[in-house]
file protein-v6.csv (CSV, C-alpha atoms)
chain,number,residue,atom,x,y,z
A,259,MET,CA,110.0,148.0,79.1
A,260,VAL,CA,106.9,146.1,80.2
A,261,GLY,CA,107.3,144.6,83.7
A,262,VAL,CA,106.4,141.4,85.3
A,263,ALA,CA,103.2,142.8,86.7
A,264,HIS,CA,101.8,143.4,83.3
A,265,TRP,CA,102.5,139.9,82.1
A,266,LEU,CA,101.0,138.4,85.3
A,267,GLY,CA,97.8,140.2,84.5
A,268,GLU,CA,97.8,138.9,81.0
A,269,LEU,CA,98.6,135.3,81.8
A,270,LYS,CA,95.9,135.1,84.5
A,271,GLU,CA,93.3,135.6,81.8
A,272,LEU,CA,94.5,132.6,79.7
A,273,ASP,CA,93.4,129.0,79.6
A,274,ALA,CA,96.2,126.5,79.8
A,275,ALA,CA,95.7,125.5,76.1
A,276,ASP,CA,96.3,129.1,75.0
A,277,TRP,CA,99.6,129.7,76.9
A,278,SER,CA,102.0,128.3,74.3
A,279,ALA,CA,100.8,130.4,71.5
A,280,TYR,CA,100.7,133.5,73.7
A,281,LEU,CA,104.2,132.9,75.1
A,282,ASN,CA,105.7,132.3,71.7
A,283,ARG,CA,104.1,135.4,70.3
A,284,HIS,CA,105.6,137.6,73.1
A,285,SER,CA,108.9,135.7,73.6
A,286,GLY,CA,111.0,138.4,72.1
A,287,LEU,CA,112.8,135.7,70.0
A,288,PRO,CA,114.6,135.4,67.7
A,289,SER,CA,116.2,138.7,69.0
A,290,PRO,CA,119.2,138.2,71.2
A,291,ARG,CA,117.3,139.0,74.4
A,292,ALA,CA,114.3,136.8,75.2
A,293,ASN,CA,111.4,138.3,77.3
A,294,ILE,CA,112.8,137.5,80.8
A,295,GLU,CA,109.9,139.3,82.5
A,296,LEU,CA,107.4,137.1,80.8
A,297,ILE,CA,109.4,134.0,81.9
A,298,ALA,CA,109.2,135.2,85.5
A,299,ALA,CA,105.5,135.9,85.2
A,300,ALA,CA,104.9,132.4,83.8
A,301,ALA,CA,106.9,130.9,86.7
A,302,LEU,CA,104.7,132.7,89.2
A,303,THR,CA,101.5,131.9,87.5
A,304,ALA,CA,101.6,128.5,85.7
A,305,ASP,CA,99.7,125.7,87.5
A,306,PRO,CA,100.7,122.0,87.0
A,307,ASP,CA,98.4,121.5,84.1
A,308,THR,CA,99.8,124.6,82.3
A,309,ILE,CA,103.3,123.4,83.0
A,310,GLU,CA,102.6,120.1,81.3
A,311,GLU,CA,101.1,121.9,78.3
A,312,LEU,CA,104.2,124.0,77.9
A,313,LEU,CA,106.5,121.0,78.1
A,314,ALA,CA,104.4,119.2,75.6
A,315,ASP,CA,104.8,122.1,73.2
A,316,GLY,CA,108.6,121.5,73.3
A,317,GLY,CA,109.7,124.9,72.0
A,318,GLU,CA,112.7,126.5,73.6
A,319,TYR,CA,110.8,129.5,75.0
A,320,THR,CA,107.8,127.5,76.2
A,321,THR,CA,110.1,124.9,77.8
A,322,ALA,CA,112.0,127.7,79.5
A,323,CYS,CA,108.8,129.1,80.9
A,324,ALA,CA,107.9,125.6,82.2
A,325,ALA,CA,111.4,125.2,83.6
A,326,ALA,CA,111.1,128.5,85.5
A,327,ALA,CA,107.8,127.4,86.9
A,328,ILE,CA,109.2,124.0,88.0
A,329,GLY,CA,112.1,125.7,89.6
A,330,TYR,CA,109.7,128.0,91.5
A,331,ARG,CA,107.9,124.9,92.8
A,332,ALA,CA,111.1,123.1,93.7
A,333,ALA,CA,110.1,123.0,97.4
A,334,ASP,CA,108.1,120.0,96.3
A,335,GLU,CA,110.2,116.9,95.9
A,336,GLU,CA,108.9,115.9,92.5
A,337,PHE,CA,109.3,119.3,91.1
A,338,GLU,CA,112.8,119.5,92.6
A,339,ARG,CA,113.8,116.4,90.7
A,340,ARG,CA,112.4,117.8,87.5
A,341,ALA,CA,114.2,121.1,88.0
A,342,ARG,CA,117.5,119.3,88.4
A,343,ARG,CA,117.0,117.5,85.1
A,344,LEU,CA,116.1,120.7,83.3
A,345,ALA,CA,119.2,122.4,84.8
A,346,THR,CA,121.2,120.1,82.5
A,347,ASP,CA,119.1,120.7,79.4
A,348,GLY,CA,121.1,121.3,76.2
A,349,ARG,CA,119.4,124.7,75.7
A,350,TRP,CA,121.0,127.4,77.7
A,351,ARG,CA,117.8,129.4,78.0
A,352,VAL,CA,116.1,126.5,79.6
A,353,ARG,CA,119.0,126.1,82.1
A,354,GLU,CA,118.9,129.8,82.8
A,355,ALA,CA,115.1,129.7,83.4
A,356,VAL,CA,115.6,127.1,86.1
A,357,THR,CA,117.8,129.6,88.0
A,358,ILE,CA,115.1,132.3,87.5
A,359,GLY,CA,112.5,130.0,89.1
A,360,LEU,CA,114.8,129.2,92.0
A,361,GLN,CA,115.5,132.9,92.6
A,362,LEU,CA,111.7,133.6,92.6
A,363,LEU,CA,111.3,130.8,95.2
A,364,GLY,CA,114.1,132.5,97.2
A,365,ASP,CA,112.1,135.8,97.2
A,366,SER,CA,109.3,134.1,99.1
A,367,ASP,CA,111.1,131.3,100.9
A,368,LEU,CA,114.8,131.9,101.1
A,369,GLN,CA,115.4,129.1,103.6
A,370,THR,CA,114.0,126.4,101.3
A,371,MET,CA,115.8,127.8,98.3
A,372,VAL,CA,119.1,127.8,100.3
A,373,SER,CA,118.6,124.2,101.3
A,374,LEU,CA,118.1,123.3,97.6
A,375,VAL,CA,121.2,125.1,96.3
A,376,ARG,CA,123.3,123.6,99.1
A,377,SER,CA,122.3,120.2,97.9
A,378,TRP,CA,122.7,121.1,94.2
A,379,ALA,CA,126.2,122.4,94.8
A,380,ASP,CA,127.3,118.9,95.5
A,381,ASP,CA,125.5,117.2,92.6
A,382,GLU,CA,127.7,115.2,90.3
A,383,ASP,CA,126.8,117.2,87.2
A,384,PRO,CA,128.6,120.5,86.8
A,385,LEU,CA,125.5,122.0,85.2
A,386,VAL,CA,123.5,121.4,88.4
A,387,GLN,CA,126.4,122.8,90.4
A,388,ARG,CA,126.3,125.8,88.1
A,389,ALA,CA,122.6,126.3,88.6
A,390,ALA,CA,123.2,126.3,92.4
A,391,ALA,CA,125.8,129.0,92.1
A,392,VAL,CA,123.9,131.2,89.7
A,393,ALA,CA,120.7,130.9,91.7
A,394,ILE,CA,122.1,132.0,95.0
A,395,CYS,CA,124.5,134.7,93.6
A,396,GLU,CA,121.7,137.2,93.0
A,397,PRO,CA,122.2,140.5,94.8
A,398,ARG,CA,118.6,140.8,95.8
A,399,LEU,CA,118.8,137.5,97.7
A,400,LEU,CA,122.0,138.4,99.6
A,401,ARG,CA,120.8,141.1,101.9
A,402,THR,CA,121.8,139.3,105.1
A,403,ALA,CA,125.2,138.1,106.3
A,404,GLU,CA,123.9,134.5,106.5
A,405,ALA,CA,122.7,134.5,102.9
A,406,ALA,CA,126.0,136.0,101.7
A,407,ARG,CA,127.9,133.4,103.7
A,408,ILE,CA,125.9,130.7,101.9
A,409,ALA,CA,126.6,132.2,98.5
A,410,ILE,CA,130.3,132.3,99.3
A,411,ASP,CA,130.2,128.7,100.5
A,412,VAL,CA,128.4,127.5,97.3
A,413,CYS,CA,131.0,129.3,95.2
A,414,ARG,CA,133.8,127.7,97.1
A,415,ARG,CA,132.3,124.2,96.9
A,416,THR,CA,131.5,124.4,93.2
A,417,THR,CA,135.0,125.7,92.5
A,418,ASP,CA,136.4,122.8,94.5
A,419,HIS,CA,134.3,120.4,92.4
A,420,LEU,CA,135.7,121.9,89.2
A,421,LEU,CA,139.2,121.4,90.6
A,422,GLU,CA,138.4,117.7,91.3
A,423,LEU,CA,137.8,117.1,87.6
A,424,SER,CA,140.6,115.6,85.4
A,425,ALA,CA,142.2,117.9,82.9
A,426,GLN,CA,140.2,116.1,80.1
A,427,ASP,CA,136.9,116.4,82.0
A,428,ARG,CA,137.4,120.1,82.5
A,429,LYS,CA,137.3,120.5,78.7
A,430,ALA,CA,133.7,119.1,78.5
A,431,PRO,CA,131.0,121.7,77.8
A,432,ALA,CA,129.3,121.2,81.2
A,433,ALA,CA,132.5,122.0,83.1
A,434,ARG,CA,133.3,125.0,80.8
A,435,THR,CA,129.8,126.3,81.5
A,436,LEU,CA,130.4,126.0,85.2
A,437,ARG,CA,133.7,127.8,84.9
A,438,LYS,CA,132.2,130.6,82.9
A,439,SER,CA,129.5,131.2,85.6
A,440,LEU,CA,132.0,131.1,88.4
A,441,GLY,CA,133.7,133.9,86.5
A,442,TYR,CA,131.1,136.3,87.8
A,443,CYS,CA,129.4,134.5,90.7
A,444,TRP,CA,132.3,135.0,93.1
A,445,SER,CA,132.1,138.8,92.7
A,446,VAL,CA,128.5,138.8,93.6
A,447,ALA,CA,129.0,136.7,96.7
A,448,VAL,CA,132.0,138.5,97.9
A,449,ALA,CA,130.5,142.0,97.4
A,450,ALA,CA,127.5,141.0,99.5
A,451,ASP,CA,129.8,140.5,102.5
A,452,PRO,CA,133.4,141.5,101.8
A,453,GLY,CA,134.5,140.8,105.4
A,454,ALA,CA,133.6,137.1,105.0
A,455,GLY,CA,134.2,136.8,101.3
A,456,LEU,CA,137.5,138.5,100.5
A,457,PRO,CA,139.6,136.1,102.6
A,458,VAL,CA,138.0,133.1,100.9
A,459,PHE,CA,138.4,134.6,97.5
A,460,ALA,CA,142.1,135.5,98.3
A,461,ALA,CA,142.8,131.9,99.3
A,462,LEU,CA,141.8,130.5,95.9
A,463,ASP,CA,144.7,128.6,94.3
A,464,VAL,CA,145.6,130.7,91.3
A,465,GLY,CA,148.3,128.2,90.4
A,466,ASP,CA,145.5,126.3,88.8
A,467,PRO,CA,144.8,127.7,85.3
A,468,ASP,CA,141.0,127.5,85.6
A,469,VAL,CA,141.0,129.1,89.1
A,470,ALA,CA,143.4,131.8,87.8
A,471,TRP,CA,140.9,132.5,85.0
A,472,ILE,CA,138.0,132.6,87.4
A,473,VAL,CA,139.8,135.0,89.7
A,474,THR,CA,140.9,137.3,86.9
A,475,GLN,CA,137.3,137.5,85.5
A,476,ASN,CA,135.9,138.3,88.9
A,477,ARG,CA,138.5,141.0,89.6
A,478,ARG,CA,137.4,142.7,86.5
A,479,LYS,CA,133.8,143.1,87.8
A,480,LYS,CA,133.3,146.6,89.1
A,481,ARG,CA,131.5,145.3,92.2
A,482,LEU,CA,134.6,143.5,93.3
A,483,SER,CA,137.4,145.7,91.8
A,484,LYS,CA,136.3,148.7,93.9
A,485,LEU,CA,136.6,146.6,97.0
A,486,LEU,CA,140.1,145.3,96.0
A,487,ASP,CA,141.2,148.8,95.2
A,488,LYS,CA,140.3,150.2,98.6
A,489,PRO,CA,143.4,151.1,100.7
A,490,SER,CA,143.9,148.7,103.6
call {"tool": "encode", "arguments": {"input": "protein-v6.csv", "output": "structure tokens"}}
result
Amino acid sequence: MVGVAHWLGELKELDAADWSAYLNRHSGLPSPRANIELIAAAALTADPDTIEELLADGGEYTTACAAAAIGYRAADEEFERRARRLATDGRWRVREAVTIGLQLLGDSDLQTMVSLVRSWADDEDPLVQRAAAVAICEPRLLRTAEAARIAIDVCRRTTDHLLELSAQDRKAPAARTLRKSLGYCWSVAVAADPGAGLPVFAALDVGDPDVAWIVTQNRRKKRLSKLLDKPS
């Protein structure tokens, strides 16, 4: 598999006007798996003019690349606002690309990324909440107890927001998407710091059907099941 470094070198040779055609040619679509490494390279490389060119193209893959680049630049207030909007895009690849960009920001500036996801976790839109949880629940970012604690807190808060929704609102696509992501995010956060995470996870109210589903899905993840199976 070709890595991010390869695509970085390729993209640096392109003019902004040539990006859309190049990205579409190497997107990997319409196969089930898009070229994620190229999206990451685009996020790291695209300047503001290139981002605008990609958004103007309007295609799903080029928009995803632009969304990742905007997420990567979200330390800037204007880019942060745009990243929030794109986190609610109707195309799942575009939404996912925002989280890729935020995670890349976290690689270089974890404190800024943490500040963003804390804010996003309390956004009124479940899709923005979902982006916060997915962005921080990335194992490579959770190498310290502080980072793991924040991931656990974001999972708790976004789960609480799901619980605050009415039964009817929980059936909406945005809420279902948040629930689906929480079905694995908890396992990542808890595995990063079991001492802090397991008590919070154990305290979840499984009397609620959505929480029960979230708990069941996470317990099935190997990273968490091996912790739960350890003798006390």
call {"tool": "closest_residue", "arguments": {"input": "protein-v6.csv", "among": "A:Asp276, A:Asp427, A:Glu335, A:Asp451", "to": "Asp411 of chain A", "atoms": "all atoms listed in the file"}}
result
A:Asp451
call {"tool": "closest_residue", "arguments": {"input": "protein-v6.csv", "among": "A:Glu318, A:Asp466, A:Ala425, A:Leu399", "to": "Pro288 of chain A", "atoms": "only C-alpha atoms"}}
result
A:Glu318
call {"tool": "closest_residue", "arguments": {"input": "protein-v6.csv", "among": "A:Leu482, A:Val356, A:Ala299, A:Leu440", "to": "Ala322 of chain A", "atoms": "all atoms listed in the file"}}
result
A:Val356
call {"tool": "residues_around", "arguments": {"input": "protein-v6.csv", "residues": "Leu363 of chain A", "least_positions_apart": "5", "cutoff": "9 Å", "atoms": "all atoms listed in the file", "output": "ChimeraX atom specification"}}
result
/A:329-333,358,368,370-371
call {"tool": "write_last_selection", "arguments": {"input": "protein-v6.csv", "atoms": "C-alpha atoms", "output": "compact mmCIF listing (two decimals), keeping the file's coordinate frame"}}
result
# COMPACT_ATOMS: atom_id res chain seq x y z
CA GLY A 329 112.10 125.70 89.60
CA TYR A 330 109.70 128.00 91.50
CA ARG A 331 107.90 124.90 92.80
CA ALA A 332 111.10 123.10 93.70
CA ALA A 333 110.10 123.00 97.40
CA ILE A 358 115.10 132.30 87.50
CA LEU A 368 114.80 131.90 101.10
CA THR A 370 114.00 126.40 101.30
CA MET A 371 115.80 127.80 98.30
call {"tool": "atom_distance", "arguments": {"input": "protein-v6.csv", "atom1": "atom CA of Arg401 of chain A", "atom2": "atom CA of Trp378 of chain A"}}
result
21.5 Å
call {"tool": "closest_residue", "arguments": {"input": "protein-v6.csv", "among": "A:Ala355, A:Val458, A:Val469, A:Ala433", "to": "Gln387 of chain A", "atoms": "all atoms listed in the file"}}
result
A:Ala433
call {"tool": "residues_around", "arguments": {"input": "protein-v6.csv", "residues": "Thr474 of chain A", "least_positions_apart": "4", "cutoff": "12 Å", "atoms": "all atoms listed in the file", "output": "ChimeraX atom specification"}}
result
/A:438,440-442,444-445,459-460,462,464,467-470,478-479,482-483
call {"tool": "write_last_selection", "arguments": {"input": "protein-v6.csv", "atoms": "C-alpha atoms", "output": "PDB file, in the coordinates of the input"}}
result
ATOM      1  CA  LYS A 438     132.200 130.600  82.900  1.00  0.00           C
ATOM      2  CA  LEU A 440     132.000 131.100  88.400  1.00  0.00           C
ATOM      3  CA  GLY A 441     133.700 133.900  86.500  1.00  0.00           C
ATOM      4  CA  TYR A 442     131.100 136.300  87.800  1.00  0.00           C
ATOM      5  CA  TRP A 444     132.300 135.000  93.100  1.00  0.00           C
ATOM      6  CA  SER A 445     132.100 138.800  92.700  1.00  0.00           C
ATOM      7  CA  PHE A 459     138.400 134.600  97.500  1.00  0.00           C
ATOM      8  CA  ALA A 460     142.100 135.500  98.300  1.00  0.00           C
ATOM      9  CA  LEU A 462     141.800 130.500  95.900  1.00  0.00           C
ATOM     10  CA  VAL A 464     145.600 130.700  91.300  1.00  0.00           C
ATOM     11  CA  PRO A 467     144.800 127.700  85.300  1.00  0.00           C
ATOM     12  CA  ASP A 468     141.000 127.500  85.600  1.00  0.00           C
ATOM     13  CA  VAL A 469     141.000 129.100  89.100  1.00  0.00           C
ATOM     14  CA  ALA A 470     143.400 131.800  87.800  1.00  0.00           C
ATOM     15  CA  ARG A 478     137.400 142.700  86.500  1.00  0.00           C
ATOM     16  CA  LYS A 479     133.800 143.100  87.800  1.00  0.00           C
ATOM     17  CA  LEU A 482     134.600 143.500  93.300  1.00  0.00           C
ATOM     18  CA  SER A 483     137.400 145.700  91.800  1.00  0.00           C
TER      19      SER A 483
END
call {"tool": "closest_residue", "arguments": {"input": "protein-v6.csv", "among": "A:Ala391, A:Ile408, A:Ala450, A:Ala461", "to": "Leu436 of chain A", "atoms": "all atoms listed in the file"}}
result
A:Ala391
call {"tool": "closest_residue", "arguments": {"input": "protein-v6.csv", "among": "A:Ala447, A:Ala324, A:Ala430, A:Val372", "to": "Ala409 of chain A", "atoms": "all atoms listed in the file"}}
result
A:Ala447
call {"tool": "residues_around", "arguments": {"input": "protein-v6.csv", "residues": "Pro306 of chain A", "least_positions_apart": "2", "cutoff": "12 Å", "atoms": "all atoms listed in the file", "output": "PyMOL selection string"}}
result
chain A and resi 274+300-304+308-313+324-325+327-328+330-331+336-337
call {"tool": "atom_distance", "arguments": {"input": "protein-v6.csv", "atom1": "atom CA of Glu422 of chain A", "atom2": "atom CA of Ala341 of chain A"}}
result
24.7 Å
call {"tool": "atom_distance", "arguments": {"input": "protein-v6.csv", "atom1": "atom CA of Leu281 of chain A", "atom2": "atom CA of Glu354 of chain A"}}
result
16.9 Å
call {"tool": "residues_around", "arguments": {"input": "protein-v6.csv", "residues": "Ala454 of chain A", "least_positions_apart": "6", "cutoff": "10 Å", "atoms": "only C-alpha atoms", "output": "number ranges by chain"}}
result
A: 403, 406-407, 410, 447-448
call {"tool": "build_atoms", "arguments": {"input": "protein-v6.csv", "residues": "segment 364-389 of chain A", "atoms": "N, CA, C and O atoms", "output": "PDB file, in the coordinates of the input"}}
result
ATOM      1  N   GLY A 364     113.310 131.876  96.137  1.00  0.00           N
ATOM      2  CA  GLY A 364     114.100 132.500  97.200  1.00  0.00           C
ATOM      3  C   GLY A 364     113.455 133.826  97.666  1.00  0.00           C
ATOM      4  O   GLY A 364     113.580 134.191  98.842  1.00  0.00           O
ATOM      5  N   ASP A 365     112.779 134.528  96.779  1.00  0.00           N
ATOM      6  CA  ASP A 365     112.100 135.800  97.200  1.00  0.00           C
ATOM      7  C   ASP A 365     111.049 135.532  98.235  1.00  0.00           C
ATOM      8  O   ASP A 365     110.839 136.373  99.116  1.00  0.00           O
ATOM      9  N   SER A 366     110.383 134.394  98.151  1.00  0.00           N
ATOM     10  CA  SER A 366     109.300 134.100  99.100  1.00  0.00           C
ATOM     11  C   SER A 366     109.671 133.131 100.185  1.00  0.00           C
ATOM     12  O   SER A 366     109.070 133.134 101.257  1.00  0.00           O
ATOM     13  N   ASP A 367     110.668 132.293  99.933  1.00  0.00           N
ATOM     14  CA  ASP A 367     111.100 131.300 100.900  1.00  0.00           C
ATOM     15  C   ASP A 367     112.562 131.006 100.763  1.00  0.00           C
ATOM     16  O   ASP A 367     112.986 130.001 100.200  1.00  0.00           O
ATOM     17  N   LEU A 368     113.334 131.925 101.298  1.00  0.00           N
ATOM     18  CA  LEU A 368     114.800 131.900 101.100  1.00  0.00           C
ATOM     19  C   LEU A 368     115.385 130.624 101.767  1.00  0.00           C
ATOM     20  O   LEU A 368     116.315 130.025 101.217  1.00  0.00           O
ATOM     21  N   GLN A 369     114.874 130.227 102.915  1.00  0.00           N
ATOM     22  CA  GLN A 369     115.400 129.100 103.600  1.00  0.00           C
ATOM     23  C   GLN A 369     115.313 127.807 102.774  1.00  0.00           C
ATOM     24  O   GLN A 369     116.248 127.000 102.704  1.00  0.00           O
ATOM     25  N   THR A 370     114.153 127.616 102.155  1.00  0.00           N
ATOM     26  CA  THR A 370     114.000 126.400 101.300  1.00  0.00           C
ATOM     27  C   THR A 370     114.890 126.505 100.093  1.00  0.00           C
ATOM     28  O   THR A 370     115.533 125.515  99.714  1.00  0.00           O
ATOM     29  N   MET A 371     114.982 127.666  99.476  1.00  0.00           N
ATOM     30  CA  MET A 371     115.800 127.800  98.300  1.00  0.00           C
ATOM     31  C   MET A 371     117.298 127.568  98.693  1.00  0.00           C
ATOM     32  O   MET A 371     118.045 126.901  97.951  1.00  0.00           O
ATOM     33  N   VAL A 372     117.719 128.056  99.844  1.00  0.00           N
ATOM     34  CA  VAL A 372     119.100 127.800 100.300  1.00  0.00           C
ATOM     35  C   VAL A 372     119.363 126.360 100.515  1.00  0.00           C
ATOM     36  O   VAL A 372     120.427 125.849 100.138  1.00  0.00           O
ATOM     37  N   SER A 373     118.404 125.653 101.093  1.00  0.00           N
ATOM     38  CA  SER A 373     118.600 124.200 101.300  1.00  0.00           C
ATOM     39  C   SER A 373     118.756 123.508  99.941  1.00  0.00           C
ATOM     40  O   SER A 373     119.586 122.595  99.810  1.00  0.00           O
ATOM     41  N   LEU A 374     118.011 123.936  98.938  1.00  0.00           N
ATOM     42  CA  LEU A 374     118.100 123.300  97.600  1.00  0.00           C
ATOM     43  C   LEU A 374     119.485 123.596  96.987  1.00  0.00           C
ATOM     44  O   LEU A 374     120.137 122.676  96.481  1.00  0.00           O
ATOM     45  N   VAL A 375     119.936 124.844  97.016  1.00  0.00           N
ATOM     46  CA  VAL A 375     121.200 125.100  96.300  1.00  0.00           C
ATOM     47  C   VAL A 375     122.382 124.493  97.054  1.00  0.00           C
ATOM     48  O   VAL A 375     123.369 124.116  96.414  1.00  0.00           O
ATOM     49  N   ARG A 376     122.280 124.333  98.354  1.00  0.00           N
ATOM     50  CA  ARG A 376     123.300 123.600  99.100  1.00  0.00           C
ATOM     51  C   ARG A 376     123.436 122.175  98.587  1.00  0.00           C
ATOM     52  O   ARG A 376     124.532 121.634  98.415  1.00  0.00           O
ATOM     53  N   SER A 377     122.290 121.562  98.383  1.00  0.00           N
ATOM     54  CA  SER A 377     122.300 120.200  97.900  1.00  0.00           C
ATOM     55  C   SER A 377     122.776 120.133  96.432  1.00  0.00           C
ATOM     56  O   SER A 377     123.601 119.291  96.077  1.00  0.00           O
ATOM     57  N   TRP A 378     122.290 121.042  95.612  1.00  0.00           N
ATOM     58  CA  TRP A 378     122.700 121.100  94.200  1.00  0.00           C
ATOM     59  C   TRP A 378     124.157 121.335  94.021  1.00  0.00           C
ATOM     60  O   TRP A 378     124.768 120.865  93.062  1.00  0.00           O
ATOM     61  N   ALA A 379     124.748 122.099  94.916  1.00  0.00           N
ATOM     62  CA  ALA A 379     126.200 122.400  94.800  1.00  0.00           C
ATOM     63  C   ALA A 379     127.052 121.206  94.831  1.00  0.00           C
ATOM     64  O   ALA A 379     128.188 121.235  94.331  1.00  0.00           O
ATOM     65  N   ASP A 380     126.554 120.118  95.401  1.00  0.00           N
ATOM     66  CA  ASP A 380     127.300 118.900  95.500  1.00  0.00           C
ATOM     67  C   ASP A 380     126.818 117.809  94.532  1.00  0.00           C
ATOM     68  O   ASP A 380     127.204 116.645  94.653  1.00  0.00           O
ATOM     69  N   ASP A 381     125.980 118.188  93.591  1.00  0.00           N
ATOM     70  CA  ASP A 381     125.500 117.200  92.600  1.00  0.00           C
ATOM     71  C   ASP A 381     126.710 116.817  91.712  1.00  0.00           C
ATOM     72  O   ASP A 381     127.689 117.556  91.561  1.00  0.00           O
ATOM     73  N   GLU A 382     126.630 115.629  91.136  1.00  0.00           N
ATOM     74  CA  GLU A 382     127.700 115.200  90.300  1.00  0.00           C
ATOM     75  C   GLU A 382     127.834 115.850  88.965  1.00  0.00           C
ATOM     76  O   GLU A 382     128.879 115.815  88.309  1.00  0.00           O
ATOM     77  N   ASP A 383     126.759 116.505  88.538  1.00  0.00           N
ATOM     78  CA  ASP A 383     126.800 117.200  87.200  1.00  0.00           C
ATOM     79  C   ASP A 383     127.167 118.630  87.374  1.00  0.00           C
ATOM     80  O   ASP A 383     126.541 119.384  88.125  1.00  0.00           O
ATOM     81  N   PRO A 384     128.199 119.075  86.672  1.00  0.00           N
ATOM     82  CA  PRO A 384     128.600 120.500  86.800  1.00  0.00           C
ATOM     83  C   PRO A 384     127.527 121.472  86.403  1.00  0.00           C
ATOM     84  O   PRO A 384     127.535 122.602  86.909  1.00  0.00           O
ATOM     85  N   LEU A 385     126.574 121.068  85.566  1.00  0.00           N
ATOM     86  CA  LEU A 385     125.500 122.000  85.200  1.00  0.00           C
ATOM     87  C   LEU A 385     124.534 122.218  86.361  1.00  0.00           C
ATOM     88  O   LEU A 385     123.976 123.308  86.507  1.00  0.00           O
ATOM     89  N   VAL A 386     124.328 121.201  87.178  1.00  0.00           N
ATOM     90  CA  VAL A 386     123.500 121.400  88.400  1.00  0.00           C
ATOM     91  C   VAL A 386     124.253 122.228  89.391  1.00  0.00           C
ATOM     92  O   VAL A 386     123.680 123.117  90.039  1.00  0.00           O
ATOM     93  N   GLN A 387     125.536 121.980  89.527  1.00  0.00           N
ATOM     94  CA  GLN A 387     126.400 122.800  90.400  1.00  0.00           C
ATOM     95  C   GLN A 387     126.305 124.270  89.930  1.00  0.00           C
ATOM     96  O   GLN A 387     126.184 125.196  90.746  1.00  0.00           O
ATOM     97  N   ARG A 388     126.384 124.457  88.632  1.00  0.00           N
ATOM     98  CA  ARG A 388     126.300 125.800  88.100  1.00  0.00           C
ATOM     99  C   ARG A 388     124.999 126.475  88.388  1.00  0.00           C
ATOM    100  O   ARG A 388     124.956 127.658  88.755  1.00  0.00           O
ATOM    101  N   ALA A 389     123.904 125.733  88.299  1.00  0.00           N
ATOM    102  CA  ALA A 389     122.600 126.300  88.600  1.00  0.00           C
ATOM    103  C   ALA A 389     122.541 126.743  90.080  1.00  0.00           C
ATOM    104  O   ALA A 389     121.957 127.789  90.405  1.00  0.00           O
TER     105      ALA A 389
END
